[in-house]
>>> print(open('work-v3.cif').read())   # mmCIF, C-alpha atoms and all ligand atoms
data_input
#
loop_
_atom_site.group_PDB
_atom_site.id
_atom_site.type_symbol
_atom_site.label_atom_id
_atom_site.label_comp_id
_atom_site.auth_asym_id
_atom_site.auth_seq_id
_atom_site.Cartn_x
_atom_site.Cartn_y
_atom_site.Cartn_z
ATOM 1 C CA MET D 1 -15.356 64.047 -33.228
ATOM 2 C CA GLN D 2 -14.766 64.867 -36.908
ATOM 3 C CA PRO D 3 -17.122 67.368 -38.593
ATOM 4 C CA ALA D 4 -19.985 65.732 -40.481
ATOM 5 C CA ALA D 5 -19.811 65.731 -44.267
ATOM 6 C CA HIS D 6 -22.228 68.437 -45.282
ATOM 7 C CA ARG D 7 -24.344 67.055 -48.066
ATOM 8 C CA GLN D 8 -26.391 70.136 -48.974
ATOM 9 C CA THR D 9 -23.451 72.484 -49.514
ATOM 10 C CA LYS D 10 -19.921 72.359 -50.838
ATOM 11 C CA TYR D 11 -18.629 73.630 -47.510
ATOM 12 C CA VAL D 12 -15.547 71.751 -46.396
ATOM 13 C CA ALA D 13 -15.082 71.943 -42.627
ATOM 14 C CA ALA D 14 -11.689 72.379 -41.022
ATOM 15 C CA PRO D 15 -10.905 69.936 -38.208
ATOM 16 C CA PRO D 16 -12.092 70.863 -34.683
ATOM 17 C CA LEU D 17 -9.687 72.889 -32.547
ATOM 18 C CA GLU D 18 -8.307 71.600 -29.305
ATOM 19 C CA GLY D 19 -9.681 73.743 -26.482
ATOM 20 C CA PRO D 20 -11.340 77.163 -26.652
ATOM 21 C CA THR D 21 -8.332 79.023 -28.060
ATOM 22 C CA PRO D 22 -8.625 81.747 -30.705
ATOM 23 C CA LEU D 23 -6.736 81.887 -33.989
ATOM 24 C CA ARG D 24 -5.237 85.085 -35.388
ATOM 25 C CA LEU D 25 -7.285 87.374 -37.643
ATOM 26 C CA PRO D 26 -7.019 86.518 -41.346
ATOM 27 C CA ALA D 27 -5.563 89.246 -43.573
ATOM 28 C CA PRO D 28 -7.939 91.125 -45.898
ATOM 29 C CA ALA D 29 -7.725 89.615 -49.403
ATOM 30 C CA ALA D 30 -9.136 90.454 -52.820
ATOM 31 C CA ASP D 31 -9.213 86.810 -53.900
ATOM 32 C CA ILE D 32 -12.502 84.946 -53.512
ATOM 33 C CA GLU D 33 -10.817 81.547 -53.121
ATOM 34 C CA GLN D 34 -8.712 82.949 -50.288
ATOM 35 C CA ALA D 35 -11.856 84.425 -48.709
ATOM 36 C CA ARG D 36 -13.573 81.019 -48.815
ATOM 37 C CA ALA D 37 -10.512 79.313 -47.385
ATOM 38 C CA ASP D 38 -10.500 81.893 -44.561
ATOM 39 C CA LEU D 39 -14.174 81.183 -43.871
ATOM 40 C CA THR D 40 -13.302 77.527 -43.452
ATOM 41 C CA GLU D 41 -10.231 78.083 -41.314
ATOM 42 C CA TYR D 42 -11.066 81.178 -39.256
ATOM 43 C CA GLY D 43 -14.866 81.286 -39.616
ATOM 44 C CA LEU D 44 -14.597 84.759 -41.110
ATOM 45 C CA CYS D 45 -13.028 86.615 -44.007
ATOM 46 C CA PHE D 46 -12.452 90.091 -45.411
ATOM 47 C CA LEU D 47 -12.995 90.303 -49.159
ATOM 48 C CA THR D 48 -11.591 93.653 -50.295
ATOM 49 C CA GLY D 49 -12.376 95.860 -53.302
ATOM 50 C CA VAL D 50 -15.961 94.670 -53.756
ATOM 51 C CA LEU D 51 -17.756 98.036 -53.742
ATOM 52 C CA GLY D 52 -16.352 100.920 -55.792
ATOM 53 C CA ASP D 53 -16.184 104.459 -54.377
ATOM 54 C CA ALA D 54 -19.381 105.530 -56.153
ATOM 55 C CA GLU D 55 -21.261 102.525 -54.750
ATOM 56 C CA VAL D 56 -19.986 103.188 -51.247
ATOM 57 C CA ASP D 57 -21.049 106.838 -51.563
ATOM 58 C CA ALA D 58 -24.523 105.892 -52.826
ATOM 59 C CA LEU D 59 -25.050 103.414 -49.978
ATOM 60 C CA ARG D 60 -23.775 105.885 -47.368
ATOM 61 C CA GLU D 61 -26.051 108.605 -48.660
ATOM 62 C CA ARG D 62 -29.104 106.340 -48.695
ATOM 63 C CA LEU D 63 -28.378 104.854 -45.286
ATOM 64 C CA GLY D 64 -27.767 108.282 -43.735
ATOM 65 C CA ARG D 65 -30.987 109.715 -45.159
ATOM 66 C CA GLN D 66 -32.994 106.710 -43.992
ATOM 67 C CA ALA D 67 -31.450 106.869 -40.518
ATOM 68 C CA ALA D 68 -32.252 110.583 -40.152
ATOM 69 C CA ALA D 69 -35.816 110.021 -41.377
ATOM 70 C CA GLU D 70 -36.373 107.204 -38.870
ATOM 71 C CA ARG D 71 -34.978 109.285 -35.995
ATOM 72 C CA SER D 72 -37.430 112.048 -36.894
ATOM 73 C CA LEU D 73 -40.368 109.662 -36.388
ATOM 74 C CA GLY D 74 -40.276 110.452 -32.669
ATOM 75 C CA THR D 75 -42.405 108.058 -30.654
ATOM 76 C CA LEU D 76 -43.092 106.005 -33.814
ATOM 77 C CA ALA D 77 -39.367 105.462 -34.419
ATOM 78 C CA PRO D 78 -38.574 101.752 -34.668
ATOM 79 C CA PRO D 79 -36.599 99.852 -32.010
ATOM 80 C CA GLY D 80 -32.873 100.351 -32.605
ATOM 81 C CA THR D 81 -33.232 104.118 -33.190
ATOM 82 C CA GLU D 82 -32.436 105.141 -29.642
ATOM 83 C CA GLY D 83 -28.785 105.613 -28.656
ATOM 84 C CA PRO D 84 -25.779 106.541 -30.809
ATOM 85 C CA ARG D 85 -25.509 103.067 -32.445
ATOM 86 C CA GLN D 86 -28.562 103.218 -34.679
ATOM 87 C CA GLN D 87 -29.841 100.047 -36.323
ATOM 88 C CA LEU D 88 -32.107 100.048 -39.356
ATOM 89 C CA SER D 89 -34.374 97.096 -39.943
ATOM 90 C CA ASN D 90 -36.047 95.729 -43.040
ATOM 91 C CA LEU D 91 -34.022 97.571 -45.687
ATOM 92 C CA VAL D 92 -35.829 95.552 -48.376
ATOM 93 C CA ASN D 93 -38.479 98.281 -48.468
ATOM 94 C CA LYS D 94 -36.041 101.163 -48.191
ATOM 95 C CA GLY D 95 -34.193 101.326 -51.487
ATOM 96 C CA ARG D 96 -33.191 99.126 -54.398
ATOM 97 C CA VAL D 97 -29.537 99.952 -53.641
ATOM 98 C CA PHE D 98 -29.736 97.710 -50.563
ATOM 99 C CA LEU D 99 -31.551 94.848 -52.274
ATOM 100 C CA ASP D 100 -29.003 94.820 -55.086
ATOM 101 C CA LEU D 101 -26.401 93.544 -52.615
ATOM 102 C CA VAL D 102 -28.356 90.294 -52.276
ATOM 103 C CA GLU D 103 -27.948 89.533 -55.981
ATOM 104 C CA ARG D 104 -24.248 90.290 -56.293
ATOM 105 C CA PRO D 105 -21.940 87.438 -57.356
ATOM 106 C CA GLU D 106 -19.872 87.829 -54.180
ATOM 107 C CA THR D 107 -22.993 86.974 -52.171
ATOM 108 C CA ASP D 108 -23.429 83.682 -53.993
ATOM 109 C CA ALA D 109 -19.706 82.991 -53.708
ATOM 110 C CA LEU D 110 -19.573 83.479 -49.920
ATOM 111 C CA ALA D 111 -23.066 82.760 -48.553
ATOM 112 C CA GLY D 112 -23.546 80.021 -51.157
ATOM 113 C CA TYR D 113 -20.298 78.403 -50.089
ATOM 114 C CA LEU D 114 -21.388 78.187 -46.451
ATOM 115 C CA LEU D 115 -25.114 77.561 -46.923
ATOM 116 C CA GLY D 116 -25.594 75.965 -50.347
ATOM 117 C CA LYS D 117 -27.341 77.386 -53.383
ATOM 118 C CA HIS D 118 -30.836 77.606 -51.874
ATOM 119 C CA PHE D 119 -29.924 79.956 -49.006
ATOM 120 C CA LEU D 120 -32.470 82.565 -47.881
ATOM 121 C CA VAL D 121 -32.297 86.215 -46.861
ATOM 122 C CA SER D 122 -32.984 86.088 -43.155
ATOM 123 C CA SER D 123 -32.846 89.863 -42.712
ATOM 124 C CA LEU D 124 -31.474 92.945 -44.447
ATOM 125 C CA THR D 125 -30.427 95.625 -41.980
ATOM 126 C CA GLY D 126 -28.025 98.511 -41.586
ATOM 127 C CA GLY D 127 -26.146 100.285 -38.864
ATOM 128 C CA LEU D 128 -24.294 103.501 -38.158
ATOM 129 C CA PHE D 129 -23.103 105.605 -35.252
ATOM 130 C CA HIS D 130 -24.263 109.194 -34.968
ATOM 131 C CA GLY D 131 -22.364 109.937 -31.789
ATOM 132 C CA ALA D 132 -19.797 108.523 -29.402
ATOM 133 C CA SER D 133 -20.691 105.256 -27.692
ATOM 134 C CA SER D 134 -19.086 103.441 -24.773
ATOM 135 C CA ASP D 135 -21.429 100.438 -25.033
ATOM 136 C CA VAL D 136 -19.831 97.094 -25.810
ATOM 137 C CA GLN D 137 -22.228 94.398 -27.019
ATOM 138 C CA PRO D 138 -21.890 91.013 -25.286
ATOM 139 C CA LEU D 139 -20.162 88.381 -27.404
ATOM 140 C CA HIS D 140 -22.763 86.161 -29.063
ATOM 141 C CA ARG D 141 -23.176 83.658 -31.882
ATOM 142 C CA ASP D 142 -25.685 84.449 -34.624
ATOM 143 C CA GLN D 143 -26.890 80.853 -34.727
ATOM 144 C CA GLY D 144 -27.525 80.776 -31.006
ATOM 145 C CA GLN D 145 -30.974 79.245 -31.630
ATOM 146 C CA VAL D 146 -29.414 76.257 -33.382
ATOM 147 C CA PRO D 147 -28.236 73.384 -31.146
ATOM 148 C CA ALA D 148 -24.583 73.875 -30.234
ATOM 149 C CA THR D 149 -23.850 70.366 -31.507
ATOM 150 C CA ALA D 150 -24.623 71.443 -35.109
ATOM 151 C CA ASP D 151 -21.158 71.270 -36.640
ATOM 152 C CA PHE D 152 -22.047 73.283 -39.740
ATOM 153 C CA PRO D 153 -22.933 76.905 -40.512
ATOM 154 C CA ALA D 154 -26.701 77.479 -40.485
ATOM 155 C CA ILE D 155 -26.403 81.281 -40.693
ATOM 156 C CA CYS D 156 -23.934 83.669 -42.190
ATOM 157 C CA ASN D 157 -23.631 87.424 -42.086
ATOM 158 C CA LEU D 158 -22.155 89.585 -44.831
ATOM 159 C CA PHE D 159 -21.305 93.083 -43.589
ATOM 160 C CA TRP D 160 -20.815 95.502 -46.499
ATOM 161 C CA LEU D 161 -18.376 97.996 -45.017
ATOM 162 C CA LEU D 162 -19.084 101.635 -45.895
ATOM 163 C CA ASP D 163 -16.213 102.988 -43.771
ATOM 164 C CA ASP D 164 -12.825 101.654 -42.777
ATOM 165 C CA PHE D 165 -13.384 99.295 -39.854
ATOM 166 C CA THR D 166 -10.600 99.777 -37.287
ATOM 167 C CA PRO D 167 -10.514 99.405 -33.496
ATOM 168 C CA GLU D 168 -10.406 103.211 -33.089
ATOM 169 C CA ARG D 169 -13.562 103.482 -35.167
ATOM 170 C CA GLY D 170 -15.539 100.838 -33.294
ATOM 171 C CA SER D 171 -14.875 97.764 -35.431
ATOM 172 C CA THR D 172 -16.476 94.447 -34.519
ATOM 173 C CA TRP D 173 -14.975 92.111 -31.899
ATOM 174 C CA VAL D 174 -14.518 88.543 -33.176
ATOM 175 C CA VAL D 175 -13.029 85.289 -31.912
ATOM 176 C CA PRO D 176 -11.424 83.767 -35.028
ATOM 177 C CA GLY D 177 -11.643 79.976 -35.161
ATOM 178 C CA SER D 178 -14.396 79.748 -32.533
ATOM 179 C CA HIS D 179 -16.677 78.012 -35.086
ATOM 180 C CA ARG D 180 -14.374 75.001 -34.656
ATOM 181 C CA TRP D 181 -14.731 74.748 -30.898
ATOM 182 C CA ALA D 182 -16.410 71.843 -29.130
ATOM 183 C CA PRO D 183 -20.162 72.252 -28.348
ATOM 184 C CA GLU D 184 -19.484 72.904 -24.650
ATOM 185 C CA HIS D 185 -17.735 76.154 -25.648
ATOM 186 C CA MET D 186 -20.586 77.250 -27.915
ATOM 187 C CA VAL D 187 -23.095 78.043 -25.166
ATOM 188 C CA LYS D 188 -21.479 80.488 -22.730
ATOM 189 C CA ALA D 189 -19.583 83.438 -24.232
ATOM 190 C CA PRO D 190 -15.784 83.233 -23.952
ATOM 191 C CA PRO D 191 -13.803 85.901 -22.044
ATOM 192 C CA ARG D 192 -13.306 89.169 -23.941
ATOM 193 C CA GLU D 193 -9.501 88.632 -23.872
ATOM 194 C CA LEU D 194 -9.964 85.924 -26.517
ATOM 195 C CA ALA D 195 -11.537 88.393 -28.953
ATOM 196 C CA ALA D 196 -9.814 90.787 -31.399
ATOM 197 C CA GLN D 197 -11.178 93.806 -33.261
ATOM 198 C CA ILE D 198 -11.256 93.518 -37.034
ATOM 199 C CA GLU D 199 -9.482 95.750 -39.546
ATOM 200 C CA ALA D 200 -10.754 96.056 -43.107
ATOM 201 C CA PRO D 201 -11.170 98.932 -45.559
ATOM 202 C CA ALA D 202 -14.414 100.517 -46.795
ATOM 203 C CA GLY D 203 -15.798 98.695 -49.835
ATOM 204 C CA SER D 204 -14.980 95.242 -48.376
ATOM 205 C CA ILE D 205 -17.269 92.436 -47.331
ATOM 206 C CA PHE D 206 -16.652 91.189 -43.804
ATOM 207 C CA ALA D 207 -18.322 87.750 -43.756
ATOM 208 C CA TRP D 208 -18.646 85.313 -40.888
ATOM 209 C CA ASP D 209 -20.026 81.913 -40.045
ATOM 210 C CA GLY D 210 -23.015 81.926 -37.655
ATOM 211 C CA ARG D 211 -21.058 79.874 -35.119
ATOM 212 C CA VAL D 212 -18.358 82.503 -34.544
ATOM 213 C CA TRP D 213 -18.407 84.465 -31.274
ATOM 214 C CA HIS D 214 -18.489 88.207 -31.967
ATOM 215 C CA GLY D 215 -20.049 91.496 -30.841
ATOM 216 C CA ALA D 216 -20.251 95.218 -31.540
ATOM 217 C CA ALA D 217 -17.614 97.481 -29.982
ATOM 218 C CA ALA D 218 -17.532 100.865 -28.304
ATOM 219 C CA ASN D 219 -16.864 103.841 -30.562
ATOM 220 C CA PRO D 220 -15.380 106.487 -28.264
ATOM 221 C CA GLU D 221 -14.796 109.070 -31.007
ATOM 222 C CA GLY D 222 -18.231 108.610 -32.558
ATOM 223 C CA HIS D 223 -16.971 107.817 -36.050
ATOM 224 C CA PRO D 224 -19.983 107.090 -38.329
ATOM 225 C CA ARG D 225 -18.818 103.451 -38.956
ATOM 226 C CA ARG D 226 -21.548 102.515 -41.435
ATOM 227 C CA HIS D 227 -22.451 99.089 -42.801
ATOM 228 C CA VAL D 228 -25.236 97.133 -44.449
ATOM 229 C CA SER D 229 -25.807 93.608 -43.162
ATOM 230 C CA THR D 230 -27.158 90.939 -45.488
ATOM 231 C CA PHE D 231 -27.953 88.061 -43.159
ATOM 232 C CA TYR D 232 -28.595 84.610 -44.624
ATOM 233 C CA CYS D 233 -29.829 81.242 -43.388
ATOM 234 C CA LEU D 234 -30.240 77.680 -44.589
ATOM 235 C CA PRO D 235 -33.418 77.122 -46.623
ATOM 236 C CA TRP D 236 -35.054 75.043 -43.900
ATOM 237 C CA MET D 237 -34.621 77.640 -41.171
ATOM 238 C CA ARG D 238 -36.991 80.281 -39.978
ATOM 239 C CA GLN D 239 -36.025 83.727 -41.317
ATOM 240 C CA GLN D 240 -35.316 86.585 -38.926
ATOM 241 C CA GLU D 241 -37.810 88.906 -40.624
ATOM 242 C CA ASN D 242 -41.414 87.907 -41.398
ATOM 243 C CA TRP D 243 -41.153 88.843 -45.089
ATOM 244 C CA GLY D 244 -44.614 87.569 -45.919
ATOM 245 C CA VAL D 245 -45.958 90.289 -43.635
ATOM 246 C CA THR D 246 -43.515 93.181 -43.989
ATOM 247 C CA CYS D 247 -42.203 93.131 -47.558
ATOM 248 C CA LEU D 248 -44.102 95.587 -49.771
ATOM 249 C CA GLN D 249 -46.011 93.904 -52.598
ATOM 250 C CA GLU D 250 -44.426 96.283 -55.108
ATOM 251 C CA VAL D 251 -40.945 95.216 -53.986
ATOM 252 C CA LEU D 252 -41.853 91.628 -54.801
ATOM 253 C CA ASP D 253 -43.505 92.652 -58.078
ATOM 254 C CA GLU D 254 -40.263 94.357 -59.116
ATOM 255 C CA ALA D 255 -37.996 91.555 -57.867
ATOM 256 C CA SER D 256 -36.183 89.110 -60.131
ATOM 257 C CA PRO D 257 -37.023 85.384 -59.772
ATOM 258 C CA LYS D 258 -33.689 84.965 -57.985
ATOM 259 C CA LEU D 259 -34.433 87.675 -55.443
ATOM 260 C CA LYS D 260 -37.927 86.302 -54.813
ATOM 261 C CA ALA D 261 -36.442 82.876 -54.195
ATOM 262 C CA ARG D 262 -33.921 84.360 -51.754
ATOM 263 C CA MET D 263 -36.787 86.007 -49.889
ATOM 264 C CA GLY D 264 -38.472 82.621 -49.516
ATOM 265 C CA LEU D 265 -40.945 82.764 -52.395
ATOM 266 C CA ARG D 266 -39.672 79.497 -53.803
ATOM 267 C CA THR D 267 -40.402 76.229 -52.124
ATOM 268 C CA TYR D 268 -37.673 74.060 -50.680
ATOM 269 C CA GLY D 269 -39.114 70.577 -50.886
ATOM 270 C CA THR D 270 -42.384 70.831 -49.034
ATOM 271 C CA LEU D 271 -41.363 73.983 -47.138
ATOM 272 C CA GLY D 272 -42.601 77.471 -47.920
ATOM 273 C CA MET D 273 -45.690 76.394 -49.838
ATOM 274 C CA VAL D 274 -48.876 78.394 -50.220
ATOM 275 C CA SER D 275 -51.194 75.451 -49.957
ATOM 276 C CA GLY D 276 -54.926 75.267 -49.958
ATOM 277 C CA THR D 277 -55.507 77.795 -52.757
ATOM 278 C CA ARG D 278 -54.575 77.245 -56.394
ATOM 279 C CA THR D 279 -52.038 79.488 -58.119
ATOM 280 C CA SER D 280 -50.644 79.232 -61.643
ATOM 281 C CA ALA D 281 -47.101 78.755 -60.306
ATOM 282 C CA GLU D 282 -47.954 75.576 -58.500
ATOM 283 C CA ALA D 283 -49.404 73.861 -61.533
ATOM 284 C CA ALA D 284 -46.436 74.688 -63.740
ATOM 285 C CA SER D 285 -43.638 72.648 -62.211
ATOM 286 C CA LEU D 286 -42.643 69.647 -60.152
ATOM 287 C CA GLY D 287 -40.171 69.848 -57.303
ATOM 288 C CA ASN D 288 -39.191 73.299 -56.017
ATOM 289 C CA TYR D 289 -41.366 75.991 -57.541
ATOM 290 C CA ASP D 290 -41.870 79.759 -57.325
ATOM 291 C CA VAL D 291 -44.624 80.741 -54.964
ATOM 292 C CA GLU D 292 -47.278 83.322 -55.820
ATOM 293 C CA PHE D 293 -49.482 85.052 -53.332
ATOM 294 C CA PRO D 294 -53.034 83.988 -54.202
ATOM 295 C CA GLU D 295 -55.837 86.525 -54.539
ATOM 296 C CA TYR D 296 -57.706 84.893 -51.699
ATOM 297 C CA VAL D 297 -57.429 82.207 -49.100
ATOM 298 C CA ILE D 298 -60.167 79.669 -48.541
ATOM 299 C CA GLY D 299 -61.960 79.662 -45.237
ATOM 300 C CA GLU D 300 -64.908 78.025 -43.514
ATOM 301 C CA GLU D 301 -67.537 76.568 -45.818
ATOM 302 C CA GLY D 302 -65.483 77.587 -48.862
ATOM 303 C CA ALA D 303 -65.577 81.336 -48.137
ATOM 304 C CA LEU D 304 -62.999 83.256 -50.254
ATOM 305 C CA HIS D 305 -61.108 85.771 -48.132
ATOM 306 C CA PRO D 306 -59.172 88.458 -50.076
ATOM 307 C CA LEU D 307 -55.470 88.390 -49.222
ATOM 308 C CA ARG D 308 -54.400 91.805 -47.961
ATOM 309 C CA ARG D 309 -50.778 92.734 -48.647
ATOM 310 C CA VAL D 310 -48.773 95.711 -47.427
ATOM 311 C CA SER D 311 -48.230 98.157 -50.303
ATOM 312 C CA ARG D 312 -46.591 101.509 -51.073
ATOM 313 C CA SER D 313 -49.724 103.470 -50.228
ATOM 314 C CA VAL D 314 -48.857 105.936 -47.443
ATOM 315 C CA ALA D 315 -50.672 106.275 -44.107
ATOM 316 C CA GLU D 316 -52.585 109.537 -43.566
ATOM 317 C CA GLY D 317 -51.504 112.040 -40.941
HETATM 318 O O1 LIG O 401 -22.024 96.079 -35.553
HETATM 319 C C1 LIG O 401 -21.215 95.199 -35.242
HETATM 320 O O2 LIG O 401 -20.002 95.383 -35.218
HETATM 321 C C2 LIG O 401 -21.721 93.808 -34.881
HETATM 322 C C3 LIG O 401 -23.197 93.813 -34.627
HETATM 323 C C4 LIG O 401 -23.757 92.531 -34.128
HETATM 324 O O3 LIG O 401 -23.122 91.523 -34.029
HETATM 325 C C5 LIG O 401 -25.179 92.504 -33.752
HETATM 326 O O4 LIG O 401 -25.858 93.545 -33.811
HETATM 327 O O5 LIG O 401 -25.676 91.416 -33.374
#
>>> encode(input="work-v3.cif", output="structure tokens", more="lines below")
Ligand SMILES: O=C(O)CCC(=O)C(=O)O
Amino acid sequence: MQPAAHRQTKYVAAPPLEGPTPLRLPAPAADIEQARADLTEYGLCFLTGVLGDAEVDALRERLGRQAAAERSLGTLAPPGTEGPRQQLSNLVNKGRVFLDLVERPETDALAGYLLGKHFLVSSLTGGLFHGASSDVQPLHRDQGQVPATADFPAICNLFWLLDDFTPERGSTWVVPGSHRWAPEHMVKAPPRELAAQIEAPAGSIFAWDGRVWHGAAANPEGHPRRHVSTFYCLPWMRQQENWGVTCLQEVLDEASPKLKARMGLRTYGTLGMVSGTRTSAEAASLGNYDVEFPEYVIGEEGALHPLRRVSRSVAEG
């Protein structure tokens, strides 16, 4: 079966591979065209030299401070805090430095290539090790919720590497080329022997197609191995994070139109509307339009219910 022509994106699929065999890892490259070609062929790429040293330092510092603060929350610490491989959720509320990654040209060049120009931020998360870990995450595909017969990327992940990723330092396991396997090999994880650990320097983007088998590795020496993950999906998919609930109002107030659209505050056809209450945005344009949160929603017998939004005010105690 040949891959379907993908009409909503410029993504050009490589032909399916015979059998569930892996390809080699692509070499890290500074050239965006090469990175896109690697995404097509291998389902992943390493775009080097994206973040300068000062940017890497700023992101490390912010991520480290946030991680320490979340660990100190004790019983209120969020899921993902326990254990030496700490995961940080919902970075949209935790510093502009993280959100800025969403608007970088490299994001449009890579995520836009796979998902088309209307792609959404599905989640914005981070990760680091603060101790040695022998845990190896099972191999999985990020678009596991999408039918295995979908022969196109519906998700893509951009890891912004804040340390050198090497096998000794707990770099990610991947199965290059597995996005081109037949649907019957997309359901049950392949044997670990088919996977390889990536190698790419700090400051790179490690990007992969949501169909690629991969998983987090052990980190026996407890190297910090820090990253920020900007995770994207097609505009007609459900996002991983419920932004409408958890994104601070002030973050949206300060966001550019492009960032708001990426968060889902722009309609895609008839999806993502705020219907049933008038807003100025709706009246202003035909087709896709920016969505505003209304002051109220209309209820039974025309009652006007004030819309409560989460804001920067801080809980007592
Ligand atoms: O941290 C990594 O190397 C990969 C993480 C991953 O795939 C996951 O958390 O689902």
>>> axis_aligned_box(input="work-v3.cif", around="ligand LIG 401 (chain O)", padding_each_side="6 Å", output="JSON")
{"center_x": -22.9, "center_y": 93.7, "center_z": -34.5, "size_x": 17.9, "size_y": 16.7, "size_z": 14.2}
>>> resolve_selection(input="work-v3.cif", expression="the PyMOL selection byres (((chain D and resi 43) around 10) and not hetatm)", output="ChimeraX atom specification")
/D:13-14,23,25-26,36-42,44-45,114,153,156,174-180,207-213
>>> residues_around(input="work-v3.cif", residues="Gly244 of chain D", least_positions_apart="3", cutoff="9 Å", atoms="only C-alpha atoms", output="PDB file with C-alpha atoms, keeping the file's coordinate frame")
ATOM      1  CA  GLU D 241     -37.810  88.906 -40.624  1.00  0.00           C
ATOM      2  CA  CYS D 247     -42.203  93.131 -47.558  1.00  0.00           C
ATOM      3  CA  LEU D 248     -44.102  95.587 -49.771  1.00  0.00           C
ATOM      4  CA  MET D 263     -36.787  86.007 -49.889  1.00  0.00           C
ATOM      5  CA  GLY D 264     -38.472  82.621 -49.516  1.00  0.00           C
ATOM      6  CA  LEU D 265     -40.945  82.764 -52.395  1.00  0.00           C
ATOM      7  CA  ARG D 309     -50.778  92.734 -48.647  1.00  0.00           C
TER       8      ARG D 309
END
>>> atom_distance(input="work-v3.cif", atom1="atom CA of Gly52 of chain D", atom2="atom CA of Ala69 of chain D")
25.9 Å
>>> atom_distance(input="work-v3.cif", atom1="atom CA of Ala200 of chain D", atom2="atom CA of Leu162 of chain D")
10.4 Å
>>> residues_near_ligand(input="work-v3.cif", ligand="ligand LIG 401 (chain O)", cutoff="6 Å", atoms="only C-alpha atoms and all ligand atoms", output="number ranges by chain")
D: 171-172, 215-216
>>> atom_distance(input="work-v3.cif", atom1="atom CA of Gly170 of chain D", atom2="atom CA of Ala218 of chain D")
5.4 Å
>>> closest_residue(input="work-v3.cif", among="D:Asn90, D:Ser313, D:Gln34, D:Gln8", to="Ala154 of chain D", atoms="all atoms listed in the file")
D:Gln8
>>> residues_around(input="work-v3.cif", residues="Ser229 of chain D", least_positions_apart="2", cutoff="6 Å", atoms="all atoms listed in the file", output="PyMOL selection string")
chain D and resi 124-126+158-159+231
>>> write_last_selection(input="work-v3.cif", atoms="C-alpha atoms", output="short mmCIF file (atom, residue, chain, number, x, y, z; two decimals), in the coordinates of the input")
data_model
loop_
_atom_site.label_atom_id
_atom_site.label_comp_id
_atom_site.auth_asym_id
_atom_site.auth_seq_id
_atom_site.Cartn_x
_atom_site.Cartn_y
_atom_site.Cartn_z
CA LEU D 124 -31.47 92.94 -44.45
CA THR D 125 -30.43 95.62 -41.98
CA GLY D 126 -28.02 98.51 -41.59
CA LEU D 158 -22.16 89.58 -44.83
CA PHE D 159 -21.30 93.08 -43.59
CA PHE D 231 -27.95 88.06 -43.16
#
>>> residues_around(input="work-v3.cif", residues="Leu252 of chain D", least_positions_apart="4", cutoff="12 Å", atoms="only C-alpha atoms", output="MDAnalysis selection string")
chainID D and resid 92:93 96 99 243:248 256:265 291:293 309:312
>>> resolve_selection(input="work-v3.cif", expression="the PyMOL selection byres (((chain D and resi 235) around 10) and not hetatm)", output="PyMOL selection string")
chain D and resi 115-122+154+232-234+236-239+261-262+264+266-269+271-272
>>> resolve_selection(input="work-v3.cif", expression="the PyMOL selection byres (((chain D and resi 87) around 12) and not hetatm)", output="PyMOL selection string")
chain D and resi 63-64+66-68+70-71+77-86+88-91+124-130+216+225-229
>>> write_last_selection(input="work-v3.cif", atoms="C-alpha atoms", output="PDB file, in the frame of the given file")
ATOM      1  CA  LEU D  63     -28.378 104.854 -45.286  1.00  0.00           C
ATOM      2  CA  GLY D  64     -27.767 108.282 -43.735  1.00  0.00           C
ATOM      3  CA  GLN D  66     -32.994 106.710 -43.992  1.00  0.00           C
ATOM      4  CA  ALA D  67     -31.450 106.869 -40.518  1.00  0.00           C
ATOM      5  CA  ALA D  68     -32.252 110.583 -40.152  1.00  0.00           C
ATOM      6  CA  GLU D  70     -36.373 107.204 -38.870  1.00  0.00           C
ATOM      7  CA  ARG D  71     -34.978 109.285 -35.995  1.00  0.00           C
ATOM      8  CA  ALA D  77     -39.367 105.462 -34.419  1.00  0.00           C
ATOM      9  CA  PRO D  78     -38.574 101.752 -34.668  1.00  0.00           C
ATOM     10  CA  PRO D  79     -36.599  99.852 -32.010  1.00  0.00           C
ATOM     11  CA  GLY D  80     -32.873 100.351 -32.605  1.00  0.00           C
ATOM     12  CA  THR D  81     -33.232 104.118 -33.190  1.00  0.00           C
ATOM     13  CA  GLU D  82     -32.436 105.141 -29.642  1.00  0.00           C
ATOM     14  CA  GLY D  83     -28.785 105.613 -28.656  1.00  0.00           C
ATOM     15  CA  PRO D  84     -25.779 106.541 -30.809  1.00  0.00           C
ATOM     16  CA  ARG D  85     -25.509 103.067 -32.445  1.00  0.00           C
ATOM     17  CA  GLN D  86     -28.562 103.218 -34.679  1.00  0.00           C
ATOM     18  CA  LEU D  88     -32.107 100.048 -39.356  1.00  0.00           C
ATOM     19  CA  SER D  89     -34.374  97.096 -39.943  1.00  0.00           C
ATOM     20  CA  ASN D  90     -36.047  95.729 -43.040  1.00  0.00           C
ATOM     21  CA  LEU D  91     -34.022  97.571 -45.687  1.00  0.00           C
ATOM     22  CA  LEU D 124     -31.474  92.945 -44.447  1.00  0.00           C
ATOM     23  CA  THR D 125     -30.427  95.625 -41.980  1.00  0.00           C
ATOM     24  CA  GLY D 126     -28.025  98.511 -41.586  1.00  0.00           C
ATOM     25  CA  GLY D 127     -26.146 100.285 -38.864  1.00  0.00           C
ATOM     26  CA  LEU D 128     -24.294 103.501 -38.158  1.00  0.00           C
ATOM     27  CA  PHE D 129     -23.103 105.605 -35.252  1.00  0.00           C
ATOM     28  CA  HIS D 130     -24.263 109.194 -34.968  1.00  0.00           C
ATOM     29  CA  ALA D 216     -20.251  95.218 -31.540  1.00  0.00           C
ATOM     30  CA  ARG D 225     -18.818 103.451 -38.956  1.00  0.00           C
ATOM     31  CA  ARG D 226     -21.548 102.515 -41.435  1.00  0.00           C
ATOM     32  CA  HIS D 227     -22.451  99.089 -42.801  1.00  0.00           C
ATOM     33  CA  VAL D 228     -25.236  97.133 -44.449  1.00  0.00           C
ATOM     34  CA  SER D 229     -25.807  93.608 -43.162  1.00  0.00           C
TER      35      SER D 229
END
